[in-house]
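Engineer: Structure incoming, see below.
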Amino acid sequence: MKHSRTISHQARGDDDGPIAKAEKSASTLRERRRCWGRVGLFCLTLAVIAGIGRLMLPRLVRDYVNRTLDRNPLYAGRIGDVQIHLWRGAYSLEDVRISKTTGNVPVPFFAAKRVDFALEWNALLHRKVVGRFVMVQPEINFVVAPTEGEMQTGADGPWLQMIRDLSPFKINSAVVKDGDIHFRSYKLEKPVDVYLSHVEASIDNLSNIHDESKPLLSTVEARALVMDQAMLEYKMTLDPFSYRPTFHMAVRLLGLDVTKINDLVRTYGKFDFKRGWFDFVLETDAKEGQLSGYAKPLFRDLKVFRLTEDLKKDNVLQFFWQALVGAATSLFKNHPRDQFGTLIPFSGDLSGATTADILATVGNVLRNAFIRAYLPRLESGQESIQGLKFEPPEISDPISVSDSP
């Protein structure tokens, strides 16, 4: 009897006995199950909240975008669907449209099939959190009209601030895909529409994610077709951190059929072209807002006056004006190259007026005609601006351009 009590006492008093171990193991298992249950419940609650938030996010973004687009009382914005792309840190706006509310302007100031704002992942390698935005098939319409209310220039809109407000990150780059830019006038006897189509453009390194020390660190490049026919190139380097504009810029247009802009010329020049090809080069340099540069318009194989056609016009004054323009372009053209053109130097302050050197422009007309024809290339002779080189033109032109770069 004494031996039995001793065994029972040992069984109850020994903490490391098999019964105590079993009870402790069961208690630990129950505690783990309760812990995992709480974790699972938390995760499930979080998933439900995230799912509800994901469903509500497009509506919240849409409301925010509409409020941002409607800040300017002169313009009203409208968008279609909003797509959220959490896996790449982006959101997209479908069917964006911004229209002027004053006057009777029949076309929107801006429209795009899609505008995408996204995180720029490669910038994270440089420890920078920046974004980019992409515009797919955008269209911008500038409209000239007799009254202020019917004009549409976009100069009175805070567009840069609007883009900053729409992007959750500081903008470092931008891309334009298959865009159009129109210069229109509807309040004339015949509507005018001069346009750029198939615009492909890019803006890079606005935030200097590579910590470059050179002053002109951002680049802008664009290519487009003028009137669906002639190639236009635009290249620029700039300092986005300069207090006043500082940049180098070059523009070149090659082989535009001048008859495609006859509506514009008839409206503002009171004559028209019978045939010809137009080349244009523009090169500018701005340092702290002080601008200098030149423009070089060149006409090849140009025909302005044709007696049998112009005699049919009812306006006698226009007939004589057409004849005068035709005679002047014929007299002061370079006959070996069959080219009329000049070089127009200009300078000024970007915050004020920019003036052209008229005397030099007239002298350059004579230089082109009787000394040496200008070529559609940069006058710097290097065909580059800060390392940006023009590529060979990709145009179909019956007139030889072998002298051009």
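In the structure tokens, chains take the letters A, B, ... in the order shown, each chain's residues start at 1, and ligands count up from 1 in the order shown.
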Once DSSP has gone over the backbone, tell me which residues of region 36-271 of chain A are in strand (DSSP E or B), as a VMD selection string.

Structural biologist: chain A and resid 75 to 78 82 to 85 90 to 100 110 to 119 130 to 144 152 170 to 185 192 to 204 218 to 226 230 to 238 247 to 257

Engineer: Write out as a list in words each polymer residue whose atoms come within 8 Å of Tyr91 (chain A), counting only C-alpha atoms; drop sequence neighbours fewer than 4 positions from it.

Structural biologist: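 Close residues of Tyr91 (chain A): Val82, Gln83, Ile84, His85, Leu86, Asp116, Phe117 and Ala118 of chain A.
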
Engineer: Any idea what's packed within 12 Å of Leu256 (chain A), counting only C-alpha atoms, ignoring anything in its chain fewer than 6 positions away? Could you give it as an MDAnalysis selection string?

Structural biologist: chainID A and resid 196 225:232 262 275:280 297:302 395:399

Engineer: Using only C-alpha atoms, which residues sit within 10 Å of Ser202 (chain A) once same-chain residues fewer than 5 positions away are excluded, as a ChimeraX atom specification?

Structural biologist: /A:134,173-177,219-223,235

Engineer: Report as an NGL selection string all protein, DNA and RNA residues lying within 8 Å of region 359-361 of chain A, evaluated on only C-alpha atoms, omitting residues in the same chain fewer than 3 positions from it.

Structural biologist: :A and (342-345 or 364-365)

Engineer: Report as a ChimeraX atom specification all protein, DNA and RNA residues lying within 7 Å of Gly77 (chain A), evaluated on only C-alpha atoms, omitting residues in the same chain fewer than 6 positions from it.

Structural biologist: /A:66,69-70,97-99

Engineer: Dump C-alpha atoms for the selected residues as a PDB file, in the first residue's frame?

Structural biologist:
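Listing of selection.pdb after writing:
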```
ATOM      1  CA  ASN A  66     -12.509  64.418 -63.362  1.00  0.00           C
ATOM      2  CA  LEU A  69      -9.495  68.029 -65.442  1.00  0.00           C
ATOM      3  CA  ASP A  70     -12.286  70.442 -64.478  1.00  0.00           C
ATOM      4  CA  ARG A  97     -11.174  64.365 -74.099  1.00  0.00           C
ATOM      5  CA  ILE A  98     -10.620  68.008 -73.087  1.00  0.00           C
ATOM      6  CA  SER A  99     -12.811  70.598 -74.833  1.00  0.00           C
TER       7      SER A  99
END
```

Engineer: Tell me which protein, DNA and RNA residues are within 12 Å of Tyr268 (chain A), counting only C-alpha atoms, leaving out same-chain ones fewer than 3 positions away, and put them as an MDAnalysis selection string.

Structural biologist: chainID A and resid 185 188:190 192 261:265 271:272

Engineer: Please report the interatomic distance between CA of Glu379 (chain A) and CA of Gly348 (chain A) in Å with one decimal.

Structural biologist: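 Going from CA of Glu379 (chain A) over to CA of Gly348 (chain A), I get 19.4 Å.
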
Engineer: I need the residue nearest Ser207 (chain A) from this list: A:Glu120, A:Leu307, A:Ala224, A:Phe183. Use only C-alpha atoms for the distance.

Structural biologist: A:Glu120

Engineer: Could you please determine the separation between CA of Phe370 (chain A) and CA of Gln339 (chain A) in Å, to one decimal place?

Structural biologist: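 These atoms are spaced 11.0 Å apart.
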
Engineer: Could you tell me, as a list in words, which residues of region 331-367 of chain A DSSP assigns to helix (DSSP H, G or I) when given the backbone?

Structural biologist: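 Put together, the selection reads Leu331, Ile358, Leu359, Ala360, Thr361, Val362, Gly363, Asn364, Val365, Leu366 and Arg367 of chain A.
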
Engineer: With only C-alpha atoms as the basis for distance, which of A:His126, A:Arg252, A:Glu150, A:Asp81 is at the shortest distance from Pro106 (chain A)?

Structural biologist: A:Glu150

Engineer: Taking into account only C-alpha atoms, which residue in the set A:Gly179, A:Gly131, A:Pro108, A:Gly326 is nearest to Gln152 (chain A)?

Structural biologist: A:Pro108
